[in-house]
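Okay, query_9.pdb now, which holds PDB, C-alpha atoms, pLDDT in the B column:
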ATOM      1  CA  MET A  25      66.139  34.972-107.816  1.00 78.00           C
ATOM      2  CA  ASP A  26      65.160  35.663-104.227  1.00 87.00           C
ATOM      3  CA  THR A  27      66.363  38.711-102.288  1.00 87.00           C
ATOM      4  CA  PHE A  28      68.917  36.816-100.180  1.00 84.00           C
ATOM      5  CA  THR A  29      70.574  35.213-103.225  1.00 85.00           C
ATOM      6  CA  ARG A  30      70.662  38.530-105.081  1.00 81.00           C
ATOM      7  CA  ASN A  31      72.183  40.395-102.115  1.00 80.00           C
ATOM      8  CA  TYR A  32      74.645  37.566-101.469  1.00 82.00           C
ATOM      9  CA  SER A  33      75.741  37.579-105.111  1.00 82.00           C
ATOM     10  CA  ILE A  34      76.197  41.355-105.125  1.00 82.00           C
ATOM     11  CA  ALA A  35      78.226  41.258-101.900  1.00 80.00           C
ATOM     12  CA  LEU A  36      80.396  38.445-103.256  1.00 80.00           C
ATOM     13  CA  VAL A  37      81.091  40.345-106.488  1.00 80.00           C
ATOM     14  CA  VAL A  38      81.952  43.513-104.528  1.00 80.00           C
ATOM     15  CA  ILE A  39      84.407  41.571-102.338  1.00 83.00           C
ATOM     16  CA  ILE A  40      86.043  39.886-105.331  1.00 83.00           C
ATOM     17  CA  VAL A  41      86.364  43.163-107.249  1.00 77.00           C
ATOM     18  CA  GLY A  42      87.794  44.833-104.143  1.00 72.00           C
ATOM     19  CA  LEU A  43      90.379  42.104-103.628  1.00 72.00           C
ATOM     20  CA  LEU A  44      91.324  42.196-107.304  1.00 68.00           C
ATOM     21  CA  ALA A  45      91.743  45.993-107.199  1.00 61.00           C
ATOM     22  CA  TRP A  46      93.875  45.729-104.053  1.00 63.00           C
ATOM     23  CA  TRP A  47      96.068  43.024-105.622  1.00 62.00           C
ATOM     24  CA  ILE A  48      96.591  45.039-108.812  1.00 57.00           C
ATOM     25  CA  SER A  49      97.474  48.208-106.912  1.00 53.00           C
ATOM     26  CA  ALA A  50      99.861  46.326-104.613  1.00 50.00           C
ATOM     27  CA  SER A  51     101.725  44.640-107.453  1.00 56.00           C
ATOM     28  CA  TRP A  52     101.788  47.549-109.904  1.00 65.00           C
ATOM     29  CA  ASN A  53     105.158  49.285-109.810  1.00 78.00           C
ATOM     30  CA  PRO A  54     105.729  51.579-112.801  1.00 89.00           C
ATOM     31  CA  ARG A  55     109.139  52.718-111.529  1.00 90.00           C
ATOM     32  CA  ALA A  56     110.412  49.128-111.572  1.00 92.00           C
ATOM     33  CA  ALA A  57     109.335  48.903-115.212  1.00 92.00           C
ATOM     34  CA  GLU A  58     111.175  52.151-116.006  1.00 93.00           C
ATOM     35  CA  LEU A  59     114.324  50.853-114.295  1.00 95.00           C
ATOM     36  CA  ASN A  60     114.062  47.614-116.269  1.00 95.00           C
ATOM     37  CA  ALA A  61     114.009  49.685-119.457  1.00 95.00           C
ATOM     38  CA  VAL A  62     117.350  51.167-118.356  1.00 95.00           C
ATOM     39  CA  LEU A  63     118.807  47.672-117.953  1.00 96.00           C
ATOM     40  CA  GLU A  64     117.349  46.429-121.245  1.00 95.00           C
ATOM     41  CA  SER A  65     118.737  49.386-123.173  1.00 95.00           C
ATOM     42  CA  ASP A  66     122.306  48.638-122.113  1.00 96.00           C
ATOM     43  CA  PRO A  67     124.132  46.791-124.924  1.00 95.00           C
ATOM     44  CA  ALA A  68     126.430  44.808-122.615  1.00 93.00           C
ATOM     45  CA  LEU A  69     123.620  43.599-120.361  1.00 94.00           C
ATOM     46  CA  SER A  70     121.266  42.799-123.223  1.00 92.00           C
ATOM     47  CA  GLN A  71     123.879  40.449-124.705  1.00 93.00           C
ATOM     48  CA  TYR A  72     124.522  38.543-121.474  1.00 95.00           C
ATOM     49  CA  VAL A  73     122.997  35.089-120.905  1.00 92.00           C
ATOM     50  CA  TYR A  74     121.033  36.207-117.838  1.00 95.00           C
ATOM     51  CA  ARG A  75     118.631  39.149-117.813  1.00 95.00           C
ATOM     52  CA  PHE A  76     119.062  41.145-114.636  1.00 96.00           C
ATOM     53  CA  ARG A  77     115.768  42.862-113.831  1.00 95.00           C
ATOM     54  CA  VAL A  78     114.358  45.115-111.175  1.00 96.00           C
ATOM     55  CA  VAL A  79     111.712  43.105-109.341  1.00 95.00           C
ATOM     56  CA  ASP A  80     110.741  45.835-106.888  1.00 94.00           C
ATOM     57  CA  TYR A  81     111.297  49.500-106.205  1.00 94.00           C
ATOM     58  CA  ASP A  82     110.241  51.246-103.029  1.00 92.00           C
ATOM     59  CA  ASP A  83     111.390  54.474-101.417  1.00 90.00           C
ATOM     60  CA  GLY A  84     114.818  54.651-103.062  1.00 94.00           C
ATOM     61  CA  VAL A  85     115.569  50.928-102.855  1.00 96.00           C
ATOM     62  CA  ALA A  86     115.676  48.898-106.062  1.00 96.00           C
ATOM     63  CA  VAL A  87     115.659  45.110-105.776  1.00 97.00           C
ATOM     64  CA  ILE A  88     117.388  43.354-108.671  1.00 97.00           C
ATOM     65  CA  SER A  89     117.150  39.658-109.498  1.00 96.00           C
ATOM     66  CA  THR A  90     120.296  37.560-109.449  1.00 95.00           C
ATOM     67  CA  PRO A  91     121.017  33.929-110.342  1.00 94.00           C
ATOM     68  CA  ARG A  92     123.429  33.420-107.445  1.00 91.00           C
ATOM     69  CA  SER A  93     123.474  33.665-103.675  1.00 88.00           C
ATOM     70  CA  PHE A  94     125.071  31.963-100.694  1.00 87.00           C
ATOM     71  CA  GLU A  95     122.547  29.134-101.125  1.00 86.00           C
ATOM     72  CA  VAL A  96     123.077  28.829-104.895  1.00 88.00           C
ATOM     73  CA  PRO A  97     126.693  29.508-105.839  1.00 88.00           C
ATOM     74  CA  ALA A  98     127.695  31.107-109.119  1.00 90.00           C
ATOM     75  CA  MET A  99     129.209  27.835-110.327  1.00 90.00           C
ATOM     76  CA  ARG A 100     125.767  26.193-110.388  1.00 90.00           C
ATOM     77  CA  PHE A 101     124.378  28.994-112.575  1.00 92.00           C
ATOM     78  CA  LEU A 102     127.419  28.975-114.845  1.00 94.00           C
ATOM     79  CA  GLU A 103     127.198  25.215-115.430  1.00 92.00           C
ATOM     80  CA  ILE A 104     123.655  25.752-116.703  1.00 92.00           C
ATOM     81  CA  VAL A 105     124.340  28.643-119.058  1.00 92.00           C
ATOM     82  CA  LYS A 106     127.721  27.322-120.153  1.00 93.00           C
ATOM     83  CA  PRO A 107     127.484  23.515-120.201  1.00 93.00           C
ATOM     84  CA  GLU A 108     131.142  23.233-121.170  1.00 94.00           C
ATOM     85  CA  LEU A 109     131.969  24.323-117.592  1.00 92.00           C
ATOM     86  CA  ALA A 110     130.159  21.368-115.999  1.00 90.00           C
ATOM     87  CA  GLY A 111     132.492  19.379-113.788  1.00 89.00           C
ATOM     88  CA  LYS A 112     135.290  21.952-113.873  1.00 91.00           C
ATOM     89  CA  ASP A 113     136.951  23.036-110.649  1.00 90.00           C
ATOM     90  CA  GLN A 114     136.275  26.465-109.206  1.00 89.00           C
ATOM     91  CA  ASP A 115     139.875  27.492-109.936  1.00 91.00           C
ATOM     92  CA  ASP A 116     139.823  26.293-113.560  1.00 93.00           C
ATOM     93  CA  PRO A 117     140.707  29.297-115.790  1.00 95.00           C
ATOM     94  CA  ALA A 118     137.496  28.960-117.812  1.00 94.00           C
ATOM     95  CA  MET A 119     135.382  28.879-114.646  1.00 94.00           C
ATOM     96  CA  VAL A 120     137.260  31.851-113.167  1.00 95.00           C
ATOM     97  CA  ALA A 121     136.714  33.819-116.395  1.00 96.00           C
ATOM     98  CA  ALA A 122     133.000  32.978-116.438  1.00 95.00           C
ATOM     99  CA  GLN A 123     132.639  33.995-112.780  1.00 95.00           C
ATOM    100  CA  GLN A 124     134.422  37.265-113.490  1.00 96.00           C
ATOM    101  CA  GLU A 125     132.101  37.912-116.441  1.00 96.00           C
ATOM    102  CA  LEU A 126     129.073  37.334-114.198  1.00 96.00           C
ATOM    103  CA  ILE A 127     130.489  39.670-111.551  1.00 95.00           C
ATOM    104  CA  GLU A 128     131.142  42.385-114.138  1.00 96.00           C
ATOM    105  CA  HIS A 129     127.605  42.169-115.510  1.00 97.00           C
ATOM    106  CA  GLN A 130     126.081  42.183-112.048  1.00 96.00           C
ATOM    107  CA  LYS A 131     128.157  45.239-111.092  1.00 97.00           C
ATOM    108  CA  ARG A 132     127.140  46.936-114.341  1.00 97.00           C
ATOM    109  CA  ALA A 133     123.452  46.373-113.573  1.00 97.00           C
ATOM    110  CA  GLN A 134     123.965  47.757-110.082  1.00 97.00           C
ATOM    111  CA  THR A 135     125.873  50.793-111.365  1.00 97.00           C
ATOM    112  CA  LEU A 136     123.209  51.607-113.970  1.00 97.00           C
ATOM    113  CA  ILE A 137     120.422  51.448-111.417  1.00 97.00           C
ATOM    114  CA  LEU A 138     122.353  53.394-108.773  1.00 96.00           C
ATOM    115  CA  GLY A 139     122.959  56.020-111.453  1.00 96.00           C
ATOM    116  CA  GLN A 140     119.258  56.866-111.441  1.00 95.00           C
ATOM    117  CA  PRO A 141     118.564  59.982-109.368  1.00 94.00           C
ATOM    118  CA  ASP A 142     115.879  58.431-107.165  1.00 94.00           C
ATOM    119  CA  VAL A 143     117.743  55.192-106.369  1.00 96.00           C
ATOM    120  CA  GLU A 144     119.761  55.230-103.160  1.00 96.00           C
ATOM    121  CA  ARG A 145     120.437  51.531-102.692  1.00 96.00           C
ATOM    122  CA  VAL A 146     120.326  48.230-104.565  1.00 97.00           C
ATOM    123  CA  ASP A 147     119.389  44.975-102.894  1.00 97.00           C
ATOM    124  CA  TRP A 148     119.611  41.582-104.558  1.00 96.00           C
ATOM    125  CA  ARG A 149     116.982  38.839-104.647  1.00 95.00           C
ATOM    126  CA  LEU A 150     117.688  35.295-105.776  1.00 93.00           C
ATOM    127  CA  ASP A 151     115.771  34.526-108.967  1.00 94.00           C
ATOM    128  CA  VAL A 152     114.209  31.281-107.776  1.00 92.00           C
ATOM    129  CA  ARG A 153     111.840  31.164-110.742  1.00 92.00           C
ATOM    130  CA  TRP A 154     114.699  31.267-113.278  1.00 92.00           C
ATOM    131  CA  LEU A 155     116.572  28.609-111.322  1.00 91.00           C
ATOM    132  CA  ALA A 156     113.472  26.395-111.048  1.00 91.00           C
ATOM    133  CA  ASP A 157     112.892  26.764-114.800  1.00 92.00           C
ATOM    134  CA  HIS A 158     116.418  25.408-115.250  1.00 90.00           C
ATOM    135  CA  GLY A 159     116.078  22.494-112.834  1.00 88.00           C
ATOM    136  CA  VAL A 160     117.667  24.014-109.746  1.00 87.00           C
ATOM    137  CA  GLN A 161     115.785  23.779-106.478  1.00 83.00           C
ATOM    138  CA  ALA A 162     116.522  26.926-104.509  1.00 73.00           C
ATOM    139  CA  PRO A 163     115.263  28.218-101.190  1.00 72.00           C
ATOM    140  CA  ALA A 164     112.147  30.334-101.634  1.00 65.00           C
ATOM    141  CA  GLY A 165     113.136  32.961 -99.054  1.00 55.00           C
TER     142      GLY A 165
END

I need this file expressed as structure tokens, please.
Amino acid sequence: MDTFTRNYSIALVVIIVGLLAWWISASWNPRAAELNAVLESDPALSQYVYRFRVVDYDDGVAVISTPRSFEVPAMRFLEIVKPELAGKDQDDPAMVAAQQELIEHQKRAQTLILGQPDVERVDWRLDVRWLADHGVQAPAG
């Protein structure tokens, strides 16, 4: 191997290793994992059809995944996890009960995370991956 090829190969490996190290350090968030353990240990949340999880934690702000937003209403999520609700009106008693159950679980997740001493605020992020896995096209933003 000539000198140029050797030096080029070494430089390329150094750049790749550097980028890999940067990516790992940027995506590694041990506090988010600890907060997820709090959610997973809760009996009520662990029995619910959707797993709320902390997707990011930074400077007192925990970001929790959610299956609903203004773009994807709760009814769409509920029709997936409870097929018997498909086609029911929003004011149908079964749909209202399912929406209330979702609200209660979401509030419980928020309360558990806000109960941690270093968490000052909870933000919500639409779980586009979960929705896509269940056939729902959602906005990526």

Which residues come within 8 Å of A:Leu69, counting all atoms listed in the file, excluding same-chain residues fewer than 4 positions away, as an NGL selection string? :A and (63-64 or 75-76 or 129 or 132-133)

Written as a PDB file with C-alpha atoms, in the coordinates of the input, which residues does the PyMOL selection byres ((chain A and resi 104-112) around 10) give for the file shown?
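The file below, expr04.pdb, is the result:
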ATOM      1  CA  VAL A  73     122.997  35.089-120.905  1.00 92.00           C
ATOM      2  CA  TYR A  74     121.033  36.207-117.838  1.00 95.00           C
ATOM      3  CA  MET A  99     129.209  27.835-110.327  1.00 90.00           C
ATOM      4  CA  ARG A 100     125.767  26.193-110.388  1.00 90.00           C
ATOM      5  CA  PHE A 101     124.378  28.994-112.575  1.00 92.00           C
ATOM      6  CA  LEU A 102     127.419  28.975-114.845  1.00 94.00           C
ATOM      7  CA  GLU A 103     127.198  25.215-115.430  1.00 92.00           C
ATOM      8  CA  ASP A 113     136.951  23.036-110.649  1.00 90.00           C
ATOM      9  CA  GLN A 114     136.275  26.465-109.206  1.00 89.00           C
ATOM     10  CA  ASP A 115     139.875  27.492-109.936  1.00 91.00           C
ATOM     11  CA  ASP A 116     139.823  26.293-113.560  1.00 93.00           C
ATOM     12  CA  PRO A 117     140.707  29.297-115.790  1.00 95.00           C
ATOM     13  CA  ALA A 118     137.496  28.960-117.812  1.00 94.00           C
ATOM     14  CA  MET A 119     135.382  28.879-114.646  1.00 94.00           C
ATOM     15  CA  ALA A 122     133.000  32.978-116.438  1.00 95.00           C
ATOM     16  CA  LEU A 155     116.572  28.609-111.322  1.00 91.00           C
ATOM     17  CA  HIS A 158     116.418  25.408-115.250  1.00 90.00           C
ATOM     18  CA  GLY A 159     116.078  22.494-112.834  1.00 88.00           C
ATOM     19  CA  VAL A 160     117.667  24.014-109.746  1.00 87.00           C
TER      20      VAL A 160
END

Might you spell out which residues the PyMOL selection byres ((chain A and resi 94) around 12) would select in the displayed file, as a ChimeraX atom specification? /A:90-93,95-100,148-150,162-163

Give me, please, the distance in Å between atom CA of A:Val85 and atom CA of A:Pro67, quoted to one decimal.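 The value is 24.0 Å.
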
Enclosing box along x, y and z for every listed atom of stretch 130-148 of chain A, padded 8 Å each side, centre and size in Å, one decimal, as AutoDock Vina command-line options:
--center_x 122.0 --center_y 50.8 --center_z -108.5 --size_x 28.3 --size_y 34.4 --size_z 27.6

In Å to one decimal, how far is atom CA of A:Val79 from atom CA of A:Leu43? 22.1 Å

A:Met25, A:Asp80, A:Tyr72, A:Val62: which is nearest A:Gln130, counting all atoms listed in the file?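 Checking each of A:Met25, A:Asp80, A:Tyr72, A:Val62 against A:Gln130, counting all atoms listed in the file, the winner is A:Tyr72.
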